[in-house]
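Visitor: Contents are CSV, C-alpha atoms and all ligand atoms; file name my_file_25.csv:
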chain,number,residue,atom,x,y,z
Z,398,MET,CA,0.0,0.0,0.0
Z,399,GLU,CA,1.2,3.4,-0.9
Z,400,ASP,CA,0.0,5.2,2.2
Z,401,ILE,CA,-1.8,4.8,5.5
Z,402,SER,CA,-5.1,6.0,4.2
Z,403,LEU,CA,-5.2,3.1,1.8
Z,404,HIS,CA,-4.4,0.6,4.6
Z,405,ILE,CA,-7.4,2.0,6.5
Z,406,LEU,CA,-9.7,1.5,3.5
Z,407,ASP,CA,-8.4,-2.1,3.2
Z,408,ILE,CA,-8.9,-2.8,6.9
Z,409,ALA,CA,-12.4,-1.3,7.0
Z,410,GLU,CA,-13.4,-3.5,4.0
Z,411,ASN,CA,-12.4,-6.5,6.2
Z,412,SER,CA,-14.7,-5.2,8.9
Z,413,ILE,CA,-17.5,-4.8,6.5
Z,414,LYS,CA,-16.9,-8.2,5.1
Z,415,ALA,CA,-17.2,-9.5,8.7
Z,416,LYS,CA,-20.6,-7.8,8.9
Z,417,ALA,CA,-19.7,-5.0,11.2
Z,418,LYS,CA,-22.4,-2.4,11.9
Z,419,ASN,CA,-20.0,0.0,13.7
Z,420,ILE,CA,-16.5,0.8,12.7
Z,421,LYS,CA,-14.3,3.2,14.7
Z,422,ILE,CA,-11.1,4.6,13.3
Z,423,LYS,CA,-8.9,6.4,15.7
Z,424,PHE,CA,-5.7,8.4,15.1
Z,425,HIS,CA,-3.6,9.6,18.0
Z,426,GLU,CA,-0.6,11.6,17.0
Z,427,ASN,CA,1.9,12.9,19.6
Z,428,THR,CA,4.8,15.0,18.3
Z,429,LYS,CA,6.8,14.9,21.5
Z,430,LYS,CA,6.7,11.1,21.7
Z,431,ASP,CA,7.2,11.0,17.9
Z,432,LYS,CA,4.4,8.5,17.7
Z,433,THR,CA,1.4,8.0,15.4
Z,434,ILE,CA,-1.1,5.4,16.7
Z,435,LEU,CA,-3.8,4.0,14.5
Z,436,GLU,CA,-6.6,2.0,16.0
Z,437,ILE,CA,-9.5,0.4,14.2
Z,438,ALA,CA,-12.3,-1.4,16.0
Z,439,ASP,CA,-15.3,-3.2,14.6
Z,440,ASP,CA,-18.3,-5.1,16.0
Z,441,GLY,CA,-18.2,-7.7,13.2
Z,442,GLU,CA,-18.0,-11.5,13.4
Z,443,GLY,CA,-14.6,-11.5,14.9
Z,444,MET,CA,-12.1,-14.3,14.6
Z,445,ASN,CA,-11.3,-17.4,16.7
Z,446,LYS,CA,-7.8,-18.0,17.9
Z,447,LYS,CA,-6.9,-20.2,14.9
Z,448,THR,CA,-8.2,-17.7,12.4
Z,449,LEU,CA,-6.6,-14.8,14.3
Z,450,ASN,CA,-3.2,-16.5,14.4
Z,451,LYS,CA,-3.4,-17.2,10.7
Z,452,ALA,CA,-4.7,-13.7,9.9
Z,453,LEU,CA,-1.2,-12.3,10.1
Z,454,ASN,CA,0.2,-14.9,7.9
Z,455,PRO,CA,0.2,-13.6,4.3
Z,456,PHE,CA,-0.8,-16.9,2.9
Z,457,PHE,CA,-4.1,-17.1,4.7
Z,458,THR,CA,-7.6,-16.0,3.7
Z,459,THR,CA,-11.0,-17.5,4.3
Z,460,LYS,CA,-12.1,-16.7,0.8
Z,461,ASN,CA,-11.9,-19.4,-1.8
Z,462,THR,CA,-11.4,-17.2,-4.8
Z,463,ARG,CA,-7.8,-16.7,-4.0
Z,464,THR,CA,-5.3,-18.3,-1.6
Z,465,VAL,CA,-3.4,-15.2,-0.4
Z,466,GLY,CA,-4.7,-12.8,2.2
Z,467,LEU,CA,-2.6,-9.7,2.4
Z,468,GLY,CA,-4.3,-6.8,4.1
Z,469,LEU,CA,-3.4,-7.3,7.8
Z,470,SER,CA,0.1,-8.5,7.2
Z,471,LEU,CA,0.8,-5.5,4.9
Z,472,LEU,CA,-0.3,-3.0,7.7
Z,473,SER,CA,1.8,-4.9,10.2
Z,474,GLU,CA,4.8,-4.6,7.9
Z,475,SER,CA,4.2,-0.9,7.3
Z,476,ALA,CA,4.1,-0.3,11.1
Z,477,LYS,CA,7.2,-2.3,11.8
Z,478,ALA,CA,9.1,-0.7,8.9
Z,479,ALA,CA,8.5,2.6,10.7
Z,480,ASN,CA,10.0,1.3,14.0
Z,481,GLY,CA,6.5,0.6,15.2
Z,482,THR,CA,4.4,-2.2,16.4
Z,483,PHE,CA,1.2,-4.0,15.4
Z,484,SER,CA,-1.3,-5.9,17.5
Z,485,ILE,CA,-4.7,-7.3,17.0
Z,486,LYS,CA,-7.4,-8.6,19.3
Z,487,SER,CA,-10.5,-10.4,18.2
Z,488,LYS,CA,-13.4,-12.3,19.7
Z,489,PRO,CA,-15.9,-14.4,17.8
Z,490,GLY,CA,-19.3,-12.7,17.9
Z,491,LYS,CA,-17.8,-9.6,19.5
Z,492,GLY,CA,-15.5,-7.9,17.0
Z,493,THR,CA,-12.0,-7.0,16.2
Z,494,HIS,CA,-9.6,-4.3,17.5
Z,495,LEU,CA,-6.3,-3.6,15.9
Z,496,LYS,CA,-3.6,-1.1,16.8
Z,497,ALA,CA,-0.7,0.0,14.6
Z,498,VAL,CA,2.0,2.3,16.0
Z,499,PHE,CA,4.4,4.2,13.8
Z,500,GLN,CA,7.4,6.3,14.6
Z,501,THR,CA,6.1,9.5,13.0
Z,502,SER,CA,9.5,10.9,11.9
Z,503,HIS,CA,10.8,7.6,10.7
Z,504,ILE,CA,12.1,7.8,7.1
Z,505,ASP,CA,10.1,4.7,6.2
Z,506,ARG,CA,6.8,5.9,7.7
Z,507,LYS,CA,4.3,5.9,5.0
Z,508,PRO,CA,2.5,9.2,4.4
Z,509,MET,CA,-1.0,9.6,5.7
Z,510,GLY,CA,-2.4,9.9,2.2
Z,511,ASP,CA,-5.9,11.1,1.4
Z,512,ILE,CA,-7.9,10.3,4.5
Z,513,ALA,CA,-11.0,12.1,3.2
Z,514,SER,CA,-11.2,10.0,0.1
Z,515,THR,CA,-10.9,6.8,2.1
Z,516,LEU,CA,-13.7,7.8,4.5
Z,517,ILE,CA,-15.9,8.9,1.6
Z,518,SER,CA,-15.3,5.7,-0.2
Z,519,ILE,CA,-16.4,3.7,2.9
Z,520,ILE,CA,-19.5,5.8,3.5
Z,521,SER,CA,-20.5,5.8,-0.1
Z,522,GLY,CA,-20.1,2.0,-0.5
Z,523,HIS,CA,-21.6,1.1,2.8
Z,524,PRO,CA,-24.0,3.8,4.0
Z,525,GLU,CA,-25.6,1.4,6.5
Z,526,VAL,CA,-22.4,1.1,8.5
Z,527,ASN,CA,-21.9,3.6,11.3
Z,528,LEU,CA,-18.5,5.1,11.0
Z,529,VAL,CA,-16.7,7.1,13.6
Z,530,TYR,CA,-13.4,8.8,12.7
Z,531,ALA,CA,-11.6,10.4,15.6
Z,532,HIS,CA,-8.3,12.1,15.0
Z,533,GLN,CA,-6.2,13.8,17.7
Z,534,LEU,CA,-3.0,15.6,17.3
Z,535,ASN,CA,-1.3,17.0,20.4
Z,536,GLY,CA,-4.6,17.5,22.0
Z,537,LYS,CA,-6.4,19.1,19.1
Z,538,LYS,CA,-9.3,16.9,18.0
Z,539,TYR,CA,-11.5,16.2,15.0
Z,540,ARG,CA,-14.4,13.7,15.0
Z,541,LEU,CA,-16.8,12.5,12.4
Z,542,ASN,CA,-19.8,10.3,13.4
Z,543,THR,CA,-21.9,9.1,10.5
Z,544,LYS,CA,-24.6,7.8,12.8
Z,545,LYS,CA,-25.2,11.3,14.1
Z,546,ILE,CA,-25.1,12.8,10.6
Z,547,LYS,CA,-27.7,10.2,9.4
Z,548,SER,CA,-30.0,11.1,12.3
Z,549,GLN,CA,-30.0,14.7,11.2
Z,550,LEU,CA,-30.6,14.0,7.5
Z,551,ASN,CA,-34.3,13.4,7.8
Z,552,GLY,CA,-34.5,10.7,5.2
Z,553,ILE,CA,-31.9,12.0,2.8
Z,554,ARG,CA,-29.4,9.3,2.2
Z,555,ILE,CA,-25.9,9.8,3.5
Z,556,ASN,CA,-24.5,8.4,0.2
Z,557,SER,CA,-26.2,11.0,-2.0
Z,558,PRO,CA,-23.5,13.0,-3.8
Z,559,GLU,CA,-24.4,16.4,-2.1
Z,560,VAL,CA,-24.1,14.9,1.4
Z,561,LEU,CA,-20.9,13.2,0.5
Z,562,GLN,CA,-19.4,16.4,-0.7
Z,563,ILE,CA,-20.3,18.3,2.5
Z,564,ILE,CA,-18.8,15.5,4.5
Z,565,LYS,CA,-15.7,15.5,2.5
Z,566,SER,CA,-15.1,19.2,2.8
Z,567,ASN,CA,-15.8,18.9,6.6
Z,568,ILE,CA,-13.1,16.2,6.9
Z,569,LYS,CA,-10.6,18.3,5.0
Z,570,LYS,CA,-11.3,21.3,7.2
Z,571,GLY,CA,-11.1,19.2,10.3
Z,572,LEU,CA,-7.8,17.8,9.4
Z,573,ASP,CA,-6.4,21.2,8.5
Z,574,TYR,CA,-7.6,22.5,11.8
Z,575,ILE,CA,-5.8,20.0,13.9
Z,576,GLY,CA,-2.8,20.5,11.6
Z,577,ARG,CA,-2.0,16.8,11.0
Z,578,GLN,CA,1.2,16.0,9.1
Z,579,LYS,CA,1.4,14.5,5.7
H,1102,MET,CA,-13.2,21.9,16.0
H,1103,PRO,CA,-15.3,22.0,12.8
H,1104,LYS,CA,-18.6,20.3,13.2
H,1105,LEU,CA,-21.1,19.4,10.6
H,1106,THR,CA,-23.9,21.7,11.4
H,1107,ILE,CA,-27.6,21.2,11.0
H,1108,LYS,CA,-27.5,24.3,8.8
H,1109,ASP,CA,-25.0,22.6,6.4
H,1110,LEU,CA,-27.4,19.6,6.2
H,1111,GLN,CA,-30.5,21.7,5.7
H,1112,LYS,CA,-29.0,23.3,2.7
H,1113,ILE,CA,-29.1,19.9,1.0
H,1114,LYS,CA,-32.6,19.2,2.2
H,1115,GLU,CA,-33.8,22.2,0.4
H,1116,LYS,CA,-31.8,21.4,-2.6
H,1117,LYS,CA,-33.0,17.9,-3.2
H,1118,LYS,CA,-35.3,15.6,-1.5
H,1119,ARG,CA,-35.2,13.2,-4.4
H,1120,THR,CA,-31.6,12.3,-3.9
H,1121,SER,CA,-33.0,10.4,-1.0
H,1122,LYS,CA,-34.0,7.9,-3.5
H,1123,LEU,CA,-30.4,6.8,-4.0
H,1124,ARG,CA,-30.9,3.1,-3.5
H,1125,GLU,CA,-29.6,1.0,-0.8
H,1126,GLY,CA,-30.4,-2.3,-2.4
H,1127,GLY,CA,-33.3,-4.1,-4.0
H,1128,ASP,CA,-34.9,-1.1,-5.6
H,1129,TYR,CA,-32.6,0.4,-8.3
H,1130,ARG,CA,-32.1,0.4,-12.0
H,1131,VAL,CA,-28.3,-0.1,-12.0
H,1132,LYS,CA,-26.0,-1.6,-9.5
H,1133,ILE,CA,-22.3,-0.7,-9.6
H,1134,THR,CA,-19.9,-2.7,-7.5
H,1135,VAL,CA,-16.3,-1.6,-7.2
H,1136,HIS,CA,-14.1,-4.4,-6.0
H,1137,MET,CA,-12.2,-3.4,-2.9
H,1138,GLY,CA,-10.1,-6.3,-1.8
H,1139,THR,CA,-6.5,-5.6,-0.9
H,1140,CYS,CA,-5.3,-6.1,-4.5
H,1141,GLY,CA,-8.0,-3.7,-5.8
H,1142,ILE,CA,-7.2,-1.0,-3.3
H,1143,ALA,CA,-3.5,-1.3,-4.0
H,1144,ALA,CA,-4.2,-1.0,-7.7
H,1145,GLY,CA,-6.3,2.2,-7.3
H,1146,ALA,CA,-9.9,1.1,-6.6
H,1147,ARG,CA,-10.5,4.2,-4.3
H,1148,LYS,CA,-10.0,6.5,-7.3
H,1149,ILE,CA,-12.5,4.4,-9.3
H,1150,MET,CA,-15.0,4.6,-6.5
H,1151,ASN,CA,-14.7,8.4,-6.3
H,1152,ALA,CA,-14.9,8.6,-10.1
H,1153,PHE,CA,-18.3,6.8,-10.0
H,1154,ILE,CA,-19.5,9.1,-7.3
H,1155,GLU,CA,-18.6,12.0,-9.5
H,1156,GLU,CA,-20.4,10.5,-12.5
H,1157,ILE,CA,-23.5,9.9,-10.5
H,1158,GLU,CA,-23.4,13.5,-9.4
H,1159,LYS,CA,-22.7,14.8,-12.8
H,1160,HIS,CA,-25.6,12.9,-14.3
H,1161,ASP,CA,-27.8,13.7,-11.4
H,1162,SER,CA,-28.8,10.0,-11.2
H,1163,SER,CA,-31.0,8.8,-8.4
H,1164,ASP,CA,-31.6,5.2,-9.5
H,1165,ILE,CA,-28.1,3.8,-9.0
H,1166,PHE,CA,-26.9,1.6,-6.3
H,1167,LEU,CA,-23.1,2.1,-5.8
H,1168,THR,CA,-21.4,-0.3,-3.5
H,1169,ASN,CA,-18.2,-2.2,-3.1
H,1170,SER,CA,-17.3,-5.8,-2.4
H,1171,GLY,CA,-14.1,-7.8,-1.9
H,1172,CYS,CA,-11.6,-9.1,-4.3
H,1173,ALA,CA,-13.0,-10.5,-7.5
H,1174,GLY,CA,-10.3,-13.1,-7.8
H,1175,LEU,CA,-8.5,-11.5,-10.7
H,1176,CYS,CA,-5.9,-9.4,-9.0
H,1177,SER,CA,-3.9,-8.7,-12.1
H,1178,LYS,CA,-6.9,-7.1,-13.8
H,1179,GLU,CA,-7.7,-4.7,-10.9
H,1180,PRO,CA,-9.1,-2.1,-10.5
H,1181,MET,CA,-12.4,-3.7,-11.5
H,1182,ALA,CA,-16.0,-2.9,-11.3
H,1183,THR,CA,-19.2,-4.9,-12.0
H,1184,ILE,CA,-22.2,-3.1,-13.6
H,1185,GLU,CA,-25.6,-4.7,-13.4
H,1186,VAL,CA,-28.5,-3.1,-15.2
H,1187,LEU,CA,-31.8,-4.4,-13.9
H,1188,ASP,CA,-32.9,-7.6,-15.6
H,1189,GLN,CA,-29.6,-7.9,-17.5
H,1190,ALA,CA,-26.5,-10.0,-16.8
H,1191,PRO,CA,-23.7,-8.3,-14.9
H,1192,VAL,CA,-20.7,-7.1,-16.8
H,1193,LYS,CA,-17.2,-6.9,-15.3
H,1194,TYR,CA,-15.0,-4.1,-16.3
H,1195,ILE,CA,-11.2,-4.5,-15.8
H,1196,ASP,CA,-8.1,-2.4,-15.7
H,1197,LEU,CA,-10.1,0.7,-14.9
H,1198,ASN,CA,-9.0,4.3,-14.7
H,1199,GLU,CA,-11.0,7.5,-14.3
H,1200,LYS,CA,-11.2,8.1,-18.1
H,1201,LYS,CA,-12.7,4.6,-18.7
H,1202,VAL,CA,-15.1,5.1,-15.8
H,1203,GLU,CA,-16.4,8.2,-17.5
H,1204,GLU,CA,-16.9,6.4,-20.8
H,1205,ILE,CA,-18.4,3.3,-19.3
H,1206,PHE,CA,-20.8,5.4,-17.3
H,1207,GLN,CA,-22.0,7.3,-20.3
H,1208,LYS,CA,-22.3,4.2,-22.5
H,1209,HIS,CA,-23.5,1.5,-20.2
H,1210,VAL,CA,-25.1,3.1,-17.2
H,1211,MET,CA,-26.8,5.9,-19.1
H,1212,GLY,CA,-27.1,4.4,-22.6
H,1213,GLY,CA,-27.6,0.8,-21.9
H,1214,ASN,CA,-24.9,-0.4,-24.2
H,1215,ILE,CA,-22.0,-2.5,-22.9
H,1216,ALA,CA,-18.6,-0.9,-23.3
H,1217,LYS,CA,-17.2,-4.1,-24.8
H,1218,GLU,CA,-13.7,-2.8,-25.2
H,1219,TYR,CA,-13.2,-2.6,-21.4
H,1220,ALA,CA,-15.4,-5.6,-20.4
H,1221,LEU,CA,-14.2,-9.0,-19.2
H,1222,GLY,CA,-17.1,-11.2,-20.4
H,1223,LYS,CA,-20.7,-11.1,-19.8
H,1224,GLY,CA,-22.3,-12.5,-16.7
H,1225,SER,CA,-19.6,-15.0,-16.1
H,1226,GLU,CA,-19.1,-14.2,-12.4
H,1227,LYS,CA,-21.0,-13.0,-9.5
H,1228,THR,CA,-20.6,-9.7,-7.7
H,1229,ASP,CA,-19.6,-10.9,-4.3
H,1230,ALA,CA,-16.2,-12.2,-3.4
I,1301,LIG,N1,-12.1,-7.3,11.0
I,1301,LIG,C1,-12.1,-8.6,10.8
I,1301,LIG,N2,-13.1,-9.3,11.3
I,1301,LIG,C2,-13.2,-10.7,11.1
I,1301,LIG,N3,-12.3,-11.4,10.4
I,1301,LIG,C3,-11.3,-10.7,9.8
I,1301,LIG,C4,-11.1,-9.3,10.0
I,1301,LIG,N4,-10.0,-8.9,9.4
I,1301,LIG,C5,-9.5,-10.0,8.8
I,1301,LIG,N5,-10.2,-11.1,9.1
I,1301,LIG,C6,-10.0,-12.4,8.6
I,1301,LIG,O1,-8.6,-12.5,8.3
I,1301,LIG,C7,-8.5,-13.0,6.9
I,1301,LIG,C8,-7.3,-12.3,6.3
I,1301,LIG,O2,-7.6,-10.9,6.0
I,1301,LIG,P1,-6.9,-10.1,4.8
I,1301,LIG,O3,-7.4,-8.7,4.7
I,1301,LIG,O4,-5.4,-10.3,5.1
I,1301,LIG,O5,-7.3,-10.9,3.5
I,1301,LIG,P2,-8.7,-11.0,2.8
I,1301,LIG,O6,-9.6,-10.0,3.3
I,1301,LIG,O7,-9.2,-12.4,3.0
I,1301,LIG,O8,-8.4,-10.8,1.3
I,1301,LIG,P3,-8.3,-9.4,0.5
I,1301,LIG,O9,-8.3,-8.3,1.5
I,1301,LIG,O10,-7.1,-9.4,-0.3
I,1301,LIG,O11,-9.6,-9.4,-0.4
I,1301,LIG,C9,-9.9,-12.7,6.3
I,1301,LIG,O12,-10.2,-13.5,5.2
I,1301,LIG,C10,-10.8,-12.9,7.5
I,1301,LIG,O13,-11.1,-14.2,7.7
I,1302,MG,MG,-9.0,-7.8,3.3
Could the structure of this file be written out as structure tokens, please?

Guide:
Amino acid sequence: MEDISLHILDIAENSIKAKAKNIKIKFHENTKKDKTILEIADDGEGMNKKTLNKALNPFFTTKNTRTVGLGLSLLSESAKAANGTFSIKSKPGKGTHLKAVFQTSHIDRKPMGDIASTLISIISGHPEVNLVYAHQLNGKKYRLNTKKIKSQLNGIRINSPEVLQIIKSNIKKGLDYIGRQK
Amino acid sequence: MPKLTIKDLQKIKEKKKRTSKLREGGDYRVKITVHMGTCGIAAGARKIMNAFIEEIEKHDSSDIFLTNSGCAGLCSKEPMATIEVLDQAPVKYIDLNEKKVEEIFQKHVMGGNIAKEYALGKGSEKTDA
């Protein structure tokens, strides 16, 4: 993956495939500690121990169309390449929670990429999923909650182009406001 | 922190109630599925998704169901999308870029004619991975 925003899209698609109704994406950046922490949690089907152990093995996937599952191992590699860590917890019937830590200034840390495009892509493709995006940088915060937005739309679909555009510009404004790095 | 205000959303309400008819499944004229497995995403599926959103907006369409699904099993031909016009067999489009999306949308989604030059083969596969 070229950047972190594409990893996020990939991981979120896993959550959706696992029938998650709620997905929470959390970024926590701390300049002093030189750390960027990404957490993604879902309430999908989850994985049992065996599946979870295998999930980090690039040659595992539960799909039968192809024999190589890549998404989780790629994110794990990206984090480790940036002097970071990767961990994942999952419970069948409960959901999955993963955490990737990057050393922000590390030369091999992938750029953030286009977070707004990733979120719009998820919302547009899966309007029924409730998505929370929470981004914090040195105490400044931005938060997007699609469940709340949907409740204010009075029947207009969240995936209609007009709404998507407003959401997209709000995300961009929000990320500019907290001053997140590239 | 910038919040999405009720005022922002009301602007849309006034603008168009009928976009609320963008379908969520079952009740639509065309279903477009962008394949978003790891291989698709790495190959640029997000751009393709956004290009379809743009086309839907440009053509002011309200009878299209745009969604995404996992890998279609043909990683070397990603990014891919499947277009399914109601009562017709699904068509898979391969090696997409934004330019092709524009053409395919015009020709197939709006005009009802398969853009054969970009298609993989008619109705040979299902939409879900
Ligand atoms: N959030 C999740 N909830 C439940 N199961 C998951 C989750 N994420 C991954 N898995 C399991 O781990 C496997 C490996 O995931 P990975 O993203 O690496 O590959 P994949 O999704 O199978 O393939 P691809 O992303 O290339 O289409 C999945 O097939 C699924 O069984
Ligand atoms: Mg995956």

Visitor: For atom P3 of ligand LIG 1301 (chain I) and CA of Asn411 in chain Z, determine how far apart the two atoms are, in Å to one decimal place.

Guide: 7.6 Å

Visitor: Using all atoms listed in the file, which of Z:Ile575, Z:Leu471, Z:Ile563, Z:Leu435 sits nearest ligand LIG 1301 (chain I)?

Guide: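 Nearest to ligand LIG 1301 (chain I): Z:Leu471.
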
Visitor: For chain Z, list the residues within 6 Å of chain H, counting only C-alpha atoms, and write the list as number ranges by chain.

Guide: Z: 398, 407, 462-463, 468, 522, 553-554, 557-558, 571

Visitor: Quick one: of Z:Lys447, Z:Ile420, Z:Thr493, Z:Ser475, who's nearest to ligand LIG 1301 (chain I), counting all atoms listed in the file?

Guide: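 Of the candidates, the smallest distance to ligand LIG 1301 (chain I) is held by Z:Thr493.
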
Visitor: Find the nearest atom pair between each residue of chain Z and ligand MG 1302 (chain I) for residues within 9 Å, count all atoms listed in the file, give distances in Å to one decimal, sort rows by chain and ascending number, and present the table as CSV.

Guide:
residue,atom,partner,partner_atom,distance
Z:Asp407,CA,I:MG1302,MG,5.7
Z:Ile408,CA,I:MG1302,MG,6.2
Z:Ala409,CA,I:MG1302,MG,8.2
Z:Glu410,CA,I:MG1302,MG,6.2
Z:Asn411,CA,I:MG1302,MG,4.7
Z:Ser412,CA,I:MG1302,MG,8.4
Z:Lys414,CA,I:MG1302,MG,8.1
Z:Thr458,CA,I:MG1302,MG,8.3
Z:Gly466,CA,I:MG1302,MG,6.7
Z:Leu467,CA,I:MG1302,MG,6.7
Z:Gly468,CA,I:MG1302,MG,4.9
Z:Leu469,CA,I:MG1302,MG,7.2
